[in-house]
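These notes concern the structure reproduced below.
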Amino acid sequence: PSAVHSGQVAITGVTITPVAFADPPLLNAVGVHEPFALRAIVQVHTDAGVTGLGETYGDEGHLARLRLAAQALAGADPFSTNELRSRVARALVADTTLGGHGMSGMVTGSSTADRVLSPFEVAALDIQGRLLGVPVSTLLGGAVREAVPFSGYLFYKWAGHPGHAEDSWGEALDPAGIVAQARTMVDGYGFTALKLKAGVFDPDAEAEAIEALRAEFPGLPLRIDPNAAWGVETSVRIGKRLEGVLEYLEDPTPGIAGMAEVRRRVEMPLATNMCVVSFNDLPPAIAAGAVDVVLSDHHFWGGLRRSQTLGGIAETFGLGLSMHSNSHLGISLAAMVHLAAATPNLDYACDTHWPWKNADEDIVVPGVLGFRDGAVAVPTGPGLGIELDQDGLEKLHRQYLDCGLRSRDDTGYMQRIHPGYELRSPRW
Ligand code: GKR
Ligand code: MG
């Protein structure tokens, strides 16, 4: 370990590299995944000769904000994440040229400043850990578990992208297809919990898929997440049908009031990554009794330390804590694992899209991150404990330039394939 510490080290510059990696046609409540998922890889350089890594969304509007924030970080002390936070907030407030929220996926109400801060905060913690010779989990208070359990994340999917050959997962459009997919995931990764992305087909057909999973995997906790595609009455009916079968029901219906009504009428925990997506959402959701479990996600809760603050609030108010995921690469996985390892009250297996990524496409040197019995061992090297793979970064950046996608658009892609498709929430 070096003797360099706070006050002796300064950020000299930031490199932001948009990348694209292959993604299968996974179906959800707003459409279907496009052939490539976009991410931004953030490298924060210092005058101590150490570079920290972060990963975040790759949508165009978000990239513009990242670049703006990056300019404001030169000269800052990477040990002072409070200072980084105020610089990012000031840079975003000062700018009036960027319209829209630049947010990836379907979570819309989260805090722009927290979303932009996240990869820089993760990179700053990576720098601190590298300089001090300790893992990020140690900086977060110490790992309380050696490995972090994840759930097997099941999706309805087409056999392949239209006009392309069938992918190695094949089609999953009914209960038998979902059970077969789950079998591949459980056998390949050892997952000890399963989550079904729903909101795609008739809700009773999706409940039937959960019942088929229950029959096939009697001991595994199960969750279903229709991303608010169900109205209150549908949510109550399906919720009652699945009472005693699910460990939690995730975002059945839109909004805090709707969730609260479903919660009053259904005997099972409700979880969310949609109606509570920022600190502002917590007081009204808690007052209404809308949710039992909050899915944290350091990508939009402002990084690892702010996610720990969320953990403290969850503990105070007796809320359960789980973890949300979007399509991601290895830097995000490493950050998720360090955070989860250092969060004592993380009560559930975390979500991850990891199995949907091609094994040979990543931006970290392979070897550190791997699944065993459905869990990822907490990296023990300094910082995040992973190294940037420059060739992988170059390849995925080239793929970004060539693929032409600049923002995630599940709905637009679905409409190009099925012109009659309409976005509706709730749909049933
Ligand atoms: O990848 O299609 C997807 C998911 O639906 C993702 O976008 C969600 O944000 O996984 C997420 C969730 O739990 O809602
Ligand atoms: Mg969800």
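Residue numbering restarts at 1 for every chain of the structure tokens, chains are lettered A, B, ... in their displayed order, and ligands are numbered from 1 as they appear.
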task = From segment 33-158 of chain A, collect each residue whose DSSP state is strand (DSSP E or B) and return the set as a PyMOL selection string.
result = chain A and resi 36-46+51-57+135+147-150+152-155+157
Write a file of the just-selected residues containing C-alpha atoms, as an mmCIF file, in the first residue's frame.
```cif
data_model
loop_
_atom_site.group_PDB
_atom_site.id
_atom_site.type_symbol
_atom_site.label_atom_id
_atom_site.label_comp_id
_atom_site.auth_asym_id
_atom_site.auth_seq_id
_atom_site.Cartn_x
_atom_site.Cartn_y
_atom_site.Cartn_z
ATOM 1 C CA PHE A 36 -27.206 -4.358 -28.165
ATOM 2 C CA ALA A 37 -27.268 -2.976 -24.630
ATOM 3 C CA LEU A 38 -25.440 0.316 -24.044
ATOM 4 C CA ARG A 39 -23.207 1.232 -21.118
ATOM 5 C CA ALA A 40 -20.669 3.956 -20.339
ATOM 6 C CA ILE A 41 -17.309 3.024 -18.830
ATOM 7 C CA VAL A 42 -15.799 5.741 -16.634
ATOM 8 C CA GLN A 43 -12.082 5.987 -15.812
ATOM 9 C CA VAL A 44 -11.087 8.612 -13.233
ATOM 10 C CA HIS A 45 -7.367 9.419 -13.396
ATOM 11 C CA THR A 46 -5.300 10.874 -10.526
ATOM 12 C CA THR A 51 -7.092 5.176 -12.061
ATOM 13 C CA GLY A 52 -10.526 4.273 -10.657
ATOM 14 C CA LEU A 53 -13.345 2.550 -12.587
ATOM 15 C CA GLY A 54 -17.084 3.127 -12.795
ATOM 16 C CA GLU A 55 -19.898 1.869 -15.042
ATOM 17 C CA THR A 56 -23.269 3.429 -15.811
ATOM 18 C CA TYR A 57 -26.023 3.803 -18.448
ATOM 19 C CA PRO A 135 -11.116 -3.691 -0.984
ATOM 20 C CA ALA A 147 -20.111 -14.234 -1.256
ATOM 21 C CA VAL A 148 -23.232 -12.411 -2.465
ATOM 22 C CA PRO A 149 -26.223 -14.509 -3.607
ATOM 23 C CA PHE A 150 -28.036 -13.543 -6.823
ATOM 24 C CA GLY A 152 -31.748 -16.287 -11.649
ATOM 25 C CA TYR A 153 -33.506 -13.619 -13.728
ATOM 26 C CA LEU A 154 -35.958 -15.296 -16.135
ATOM 27 C CA PHE A 155 -37.381 -13.548 -19.204
ATOM 28 C CA LYS A 157 -37.984 -14.246 -25.044
#
```
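For segment 361-365 of chain A, the non-local neighbours within 7 Å, defined as residues at least 3 positions apart in the same chain or in other chains and counting only C-alpha atoms, are Phe21, Leu329, Gly330, Ile331, Asn358, Ile386, Glu387, Leu388, Asp389, Gly392 and Leu393 of chain A.
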Please produce a file of the residues just selected, as a PDB file, in the first residue's frame, where the atoms kept are N, CA and C atoms.
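So again-v6.pdb came out as:
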```
ATOM      1  N   PHE A  21     -22.855  -4.070 -26.000  1.00  0.00           N
ATOM      2  CA  PHE A  21     -22.630  -5.525 -25.987  1.00  0.00           C
ATOM      3  C   PHE A  21     -23.917  -6.239 -26.386  1.00  0.00           C
ATOM      4  N   LEU A 329     -22.204  -4.816 -17.232  1.00  0.00           N
ATOM      5  CA  LEU A 329     -20.909  -5.483 -17.424  1.00  0.00           C
ATOM      6  C   LEU A 329     -20.224  -5.673 -16.068  1.00  0.00           C
ATOM      7  N   GLY A 330     -18.922  -6.022 -16.110  1.00  0.00           N
ATOM      8  CA  GLY A 330     -18.227  -6.467 -14.903  1.00  0.00           C
ATOM      9  C   GLY A 330     -17.938  -5.407 -13.854  1.00  0.00           C
ATOM     10  N   ILE A 331     -17.761  -4.141 -14.267  1.00  0.00           N
ATOM     11  CA  ILE A 331     -17.491  -3.121 -13.239  1.00  0.00           C
ATOM     12  C   ILE A 331     -18.729  -2.964 -12.361  1.00  0.00           C
ATOM     13  N   ASN A 358     -23.000 -12.316 -23.397  1.00  0.00           N
ATOM     14  CA  ASN A 358     -22.060 -13.311 -23.927  1.00  0.00           C
ATOM     15  C   ASN A 358     -20.843 -13.387 -23.005  1.00  0.00           C
ATOM     16  N   ILE A 386     -10.846  -5.522  -9.520  1.00  0.00           N
ATOM     17  CA  ILE A 386     -10.883  -5.957 -10.923  1.00  0.00           C
ATOM     18  C   ILE A 386      -9.996  -5.026 -11.743  1.00  0.00           C
ATOM     19  N   GLU A 387      -9.621  -5.475 -12.939  1.00  0.00           N
ATOM     20  CA  GLU A 387      -8.788  -4.651 -13.830  1.00  0.00           C
ATOM     21  C   GLU A 387      -9.508  -4.431 -15.149  1.00  0.00           C
ATOM     22  N   LEU A 388      -9.320  -3.242 -15.711  1.00  0.00           N
ATOM     23  CA  LEU A 388      -9.909  -2.930 -17.012  1.00  0.00           C
ATOM     24  C   LEU A 388      -9.196  -3.736 -18.096  1.00  0.00           C
ATOM     25  N   ASP A 389      -9.983  -4.353 -18.976  1.00  0.00           N
ATOM     26  CA  ASP A 389      -9.432  -5.076 -20.125  1.00  0.00           C
ATOM     27  C   ASP A 389      -9.460  -4.110 -21.314  1.00  0.00           C
ATOM     28  N   GLY A 392     -10.889  -5.475 -24.540  1.00  0.00           N
ATOM     29  CA  GLY A 392     -12.342  -5.635 -24.431  1.00  0.00           C
ATOM     30  C   GLY A 392     -13.038  -4.287 -24.554  1.00  0.00           C
ATOM     31  N   LEU A 393     -12.464  -3.273 -23.928  1.00  0.00           N
ATOM     32  CA  LEU A 393     -13.045  -1.925 -23.980  1.00  0.00           C
ATOM     33  C   LEU A 393     -13.049  -1.412 -25.419  1.00  0.00           C
TER      34      LEU A 393
END
```
All residues having an atom within 7 Å of ligand 1 (only C-alpha atoms and all ligand atoms) as a PyMOL selection string = chain A and resi 26-28+33+105-107+197+225+227+273-274+324-327
Create the file for the chosen residues now, containing N, CA and C atoms and written as a short mmCIF file (atom, residue, chain, number, x, y, z; two decimals), in the first residue's frame.
```cif
data_model
loop_
_atom_site.label_atom_id
_atom_site.label_comp_id
_atom_site.auth_asym_id
_atom_site.auth_seq_id
_atom_site.Cartn_x
_atom_site.Cartn_y
_atom_site.Cartn_z
N LEU A 26 -35.11 -10.05 -25.10
CA LEU A 26 -35.81 -10.28 -23.84
C LEU A 26 -37.05 -9.39 -23.81
N LEU A 27 -38.20 -10.00 -23.49
CA LEU A 27 -39.48 -9.27 -23.52
C LEU A 27 -39.79 -8.69 -22.14
N ASN A 28 -40.40 -7.50 -22.15
CA ASN A 28 -40.83 -6.90 -20.88
C ASN A 28 -42.08 -6.07 -21.11
N HIS A 33 -35.87 -6.09 -25.63
CA HIS A 33 -34.48 -5.62 -25.67
C HIS A 33 -33.98 -5.60 -27.12
N GLY A 105 -33.96 2.80 -19.53
CA GLY A 105 -34.93 1.83 -19.04
C GLY A 105 -36.22 2.48 -18.59
N MET A 106 -36.90 1.82 -17.65
CA MET A 106 -38.24 2.31 -17.34
C MET A 106 -38.33 3.03 -16.01
N VAL A 107 -37.26 3.16 -15.29
CA VAL A 107 -37.30 3.91 -14.04
C VAL A 107 -37.14 5.37 -14.41
N LYS A 197 -39.47 -11.97 -15.04
CA LYS A 197 -39.89 -10.69 -15.62
C LYS A 197 -41.21 -10.92 -16.33
N ASP A 225 -42.27 -9.92 -11.52
CA ASP A 225 -42.17 -8.46 -11.66
C ASP A 225 -42.77 -8.02 -12.99
N ASN A 227 -43.56 -5.00 -13.82
CA ASN A 227 -43.25 -3.58 -14.08
C ASN A 227 -44.52 -2.74 -14.27
N ASN A 273 -38.88 -1.23 -7.56
CA ASN A 273 -37.81 -0.38 -8.05
C ASN A 273 -38.42 0.67 -8.97
N MET A 274 -39.75 0.88 -8.82
CA MET A 274 -40.43 1.84 -9.69
C MET A 274 -41.13 2.96 -8.94
N HIS A 324 -31.78 -4.23 -7.38
CA HIS A 324 -32.26 -4.17 -8.76
C HIS A 324 -31.10 -4.23 -9.76
N SER A 325 -31.40 -4.67 -10.96
CA SER A 325 -30.37 -4.73 -11.99
C SER A 325 -30.91 -4.29 -13.34
N ASN A 326 -30.02 -3.81 -14.19
CA ASN A 326 -30.27 -3.62 -15.62
C ASN A 326 -29.17 -4.38 -16.34
N SER A 327 -29.24 -4.49 -17.67
CA SER A 327 -28.16 -5.16 -18.41
C SER A 327 -26.84 -4.46 -18.08
#
```
Taking only residues of chain A that have an atom at most 12 Å from an atom of ligand 2, what is each one's shortest atom pair and its distance in Å to one decimal, using only C-alpha atoms and all ligand atoms, in chain and number order, as a Markdown table?
```
| residue | atom | partner | partner_atom_place_in_ligand_line | distance |
| --- | --- | --- | --- | --- |
| A:Asn28 | CA | ligand 2 | 1 (Mg) | 10.5 |
| A:Ala29 | CA | ligand 2 | 1 (Mg) | 10.6 |
| A:Gly105 | CA | ligand 2 | 1 (Mg) | 10.8 |
| A:Met106 | CA | ligand 2 | 1 (Mg) | 9.3 |
| A:Val107 | CA | ligand 2 | 1 (Mg) | 9.0 |
| A:Tyr153 | CA | ligand 2 | 1 (Mg) | 10.7 |
| A:Lys195 | CA | ligand 2 | 1 (Mg) | 9.5 |
| A:Leu196 | CA | ligand 2 | 1 (Mg) | 9.8 |
| A:Lys197 | CA | ligand 2 | 1 (Mg) | 7.9 |
| A:Ala198 | CA | ligand 2 | 1 (Mg) | 9.6 |
| A:Gly199 | CA | ligand 2 | 1 (Mg) | 10.8 |
| A:Arg223 | CA | ligand 2 | 1 (Mg) | 9.9 |
| A:Ile224 | CA | ligand 2 | 1 (Mg) | 8.6 |
| A:Asp225 | CA | ligand 2 | 1 (Mg) | 5.5 |
| A:Pro226 | CA | ligand 2 | 1 (Mg) | 7.6 |
| A:Asn227 | CA | ligand 2 | 1 (Mg) | 5.8 |
| A:Ala228 | CA | ligand 2 | 1 (Mg) | 8.9 |
| A:Ala229 | CA | ligand 2 | 1 (Mg) | 11.4 |
| A:Tyr248 | CA | ligand 2 | 1 (Mg) | 11.2 |
| A:Leu249 | CA | ligand 2 | 1 (Mg) | 9.6 |
| A:Glu250 | CA | ligand 2 | 1 (Mg) | 5.9 |
| A:Asp251 | CA | ligand 2 | 1 (Mg) | 6.3 |
| A:Pro252 | CA | ligand 2 | 1 (Mg) | 9.3 |
| A:Thr253 | CA | ligand 2 | 1 (Mg) | 11.2 |
| A:Pro254 | CA | ligand 2 | 1 (Mg) | 11.8 |
| A:Leu270 | CA | ligand 2 | 1 (Mg) | 10.9 |
| A:Ala271 | CA | ligand 2 | 1 (Mg) | 8.0 |
| A:Thr272 | CA | ligand 2 | 1 (Mg) | 6.1 |
| A:Asn273 | CA | ligand 2 | 1 (Mg) | 5.1 |
| A:Met274 | CA | ligand 2 | 1 (Mg) | 6.8 |
| A:Cys275 | CA | ligand 2 | 1 (Mg) | 10.0 |
| A:Val276 | CA | ligand 2 | 1 (Mg) | 10.9 |
| A:Val277 | CA | ligand 2 | 1 (Mg) | 10.8 |
| A:Val293 | CA | ligand 2 | 1 (Mg) | 11.2 |
| A:Val294 | CA | ligand 2 | 1 (Mg) | 9.9 |
| A:Leu295 | CA | ligand 2 | 1 (Mg) | 7.7 |
| A:Ser296 | CA | ligand 2 | 1 (Mg) | 10.4 |
| A:Asp297 | CA | ligand 2 | 1 (Mg) | 10.7 |
| A:Ser322 | CA | ligand 2 | 1 (Mg) | 10.4 |
| A:Met323 | CA | ligand 2 | 1 (Mg) | 9.3 |
| A:His324 | CA | ligand 2 | 1 (Mg) | 6.5 |
| A:Ser325 | CA | ligand 2 | 1 (Mg) | 8.1 |
| A:Asn326 | CA | ligand 2 | 1 (Mg) | 9.4 |
| A:Cys350 | CA | ligand 2 | 1 (Mg) | 11.3 |
| A:Asp351 | CA | ligand 2 | 1 (Mg) | 9.0 |
| A:Thr352 | CA | ligand 2 | 1 (Mg) | 11.1 |
| A:His353 | CA | ligand 2 | 1 (Mg) | 11.9 |
```
inquiry  = Given only C-alpha atoms as the basis, pick out the residue of A:Val116, A:Ala257, A:Leu63, A:Val9 nearest to His299 of chain A.
reply    =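 Going through A:Val116, A:Ala257, A:Leu63, A:Val9 one by one, the smallest distance to His299 of chain A is for A:Val116.
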message = Please return, as an MDAnalysis selection string, all residues of segment 315-416 of chain A that DSSP assigns to alpha helix (DSSP H) on the basis of the backbone.
response = chainID A and resid 315:316 330:341 390:403 410:416
query = Of the candidates A:Thr12, A:Ile127, A:Leu282, A:Asp360, which shows the shortest atom-to-atom distance to Phe317 of chain A, using only C-alpha atoms?
reply = A:Leu282
ask   = Using only C-alpha atoms, which residue out of A:Gly312, A:Gly31, A:Pro426, A:Pro355 lies closest to Gly231 of chain A?
value =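 Selected residue with least distance to Gly231 of chain A: A:Pro426.
Every protein or nucleic acid residue with an atom no more than 9 Å from Leu339 of chain A, counting only C-alpha atoms and leaving out same-chain residues fewer than 2 positions away, appears here: A:Val136, A:Ser137, A:Leu140, A:Ala143, A:His298, A:Leu304, A:Arg305, A:Ser307, A:Gln308, A:Ala334, A:Ala335, A:Met336, A:Val337, A:Ala341, A:Ala342, A:Thr343.
When only C-alpha atoms are used to compute distances to Thr234 of chain A, the closest of the residues A:Asp167, A:Asp174, A:Asp204, A:Glu60 turns out to be A:Asp204.
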task = Would you please work out which residue, of A:Gln399, A:Ser80, A:Ser425, A:Gln415, is nearest to Thr17 of chain A when using only C-alpha atoms?
result =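 Closest residue, counting only C-alpha atoms: A:Gln399.
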ask   = From the list A:Gly404, A:Gly188, A:Pro379, A:Gly177, which residue is nearest Leu213 of chain A when using only C-alpha atoms?
value =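 Distance minimum relative to Leu213 of chain A lands on A:Gly177.
Interatomic distance, atom CA of Gly320 of chain A against atom CA of Pro203 of chain A: 25.6 Å.
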task = Extract, using only C-alpha atoms, all DNA, RNA and protein residues at most 12 Å from Arg85 of chain A, discarding same-chain residues fewer than 2 positions from it, and format them as a PyMOL selection string.
result = chain A and resi 69-70+72-73+76-83+87-92+112-122+124+302-303+305-306
task = State, in Å with one decimal place, the distance from atom CA of Val179 of chain A to atom CA of Val200 of chain A.
result = 16.3 Å
query = Can you tell me how far atom CA of Asp187 of chain A sits from atom CA of Pro35 of chain A, in Å to one decimal?
reply =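 Going from atom CA of Asp187 of chain A over to atom CA of Pro35 of chain A covers 25.8 Å.
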message = Which residues are close to Tyr421 of chain A, i.e. within 10 Å by only C-alpha atoms, leaving aside same-chain residues fewer than 3 positions away? Reply as JSON, numbers by chain.
response = {"A": [30, 31, 411, 412, 414, 415, 416, 417, 418, 424]}
Using only N, CA and C atoms, please write the residues we just selected to a file, as an mmCIF file, in the first residue's frame.
```cif
data_model
loop_
_atom_site.group_PDB
_atom_site.id
_atom_site.type_symbol
_atom_site.label_atom_id
_atom_site.label_comp_id
_atom_site.auth_asym_id
_atom_site.auth_seq_id
_atom_site.Cartn_x
_atom_site.Cartn_y
_atom_site.Cartn_z
ATOM 1 N N VAL A 30 -42.582 -3.039 -21.567
ATOM 2 C CA VAL A 30 -42.523 -1.886 -22.471
ATOM 3 C C VAL A 30 -42.008 -2.258 -23.861
ATOM 4 N N GLY A 31 -41.779 -3.533 -24.126
ATOM 5 C CA GLY A 31 -41.323 -3.935 -25.457
ATOM 6 C C GLY A 31 -40.330 -5.066 -25.382
ATOM 7 N N THR A 411 -39.487 -0.041 -26.612
ATOM 8 C CA THR A 411 -40.813 0.142 -27.219
ATOM 9 C C THR A 411 -40.685 0.377 -28.728
ATOM 10 N N GLY A 412 -39.757 1.244 -29.116
ATOM 11 C CA GLY A 412 -39.564 1.537 -30.539
ATOM 12 C C GLY A 412 -39.167 0.289 -31.319
ATOM 13 N N MET A 414 -39.886 -2.840 -30.522
ATOM 14 C CA MET A 414 -41.074 -3.695 -30.621
ATOM 15 C C MET A 414 -42.015 -3.169 -31.704
ATOM 16 N N GLN A 415 -42.154 -1.842 -31.791
ATOM 17 C CA GLN A 415 -43.077 -1.267 -32.786
ATOM 18 C C GLN A 415 -42.556 -1.424 -34.218
ATOM 19 N N ARG A 416 -41.239 -1.510 -34.368
ATOM 20 C CA ARG A 416 -40.713 -1.752 -35.718
ATOM 21 C C ARG A 416 -41.031 -3.179 -36.165
ATOM 22 N N ILE A 417 -41.139 -4.080 -35.161
ATOM 23 C CA ILE A 417 -41.428 -5.488 -35.491
ATOM 24 C C ILE A 417 -42.937 -5.733 -35.540
ATOM 25 N N HIS A 418 -43.659 -5.131 -34.563
ATOM 26 C CA HIS A 418 -45.127 -5.241 -34.509
ATOM 27 C C HIS A 418 -45.703 -3.825 -34.478
ATOM 28 N N ARG A 424 -48.724 0.703 -22.655
ATOM 29 C CA ARG A 424 -49.831 0.958 -21.725
ATOM 30 C C ARG A 424 -49.438 0.521 -20.315
#
```
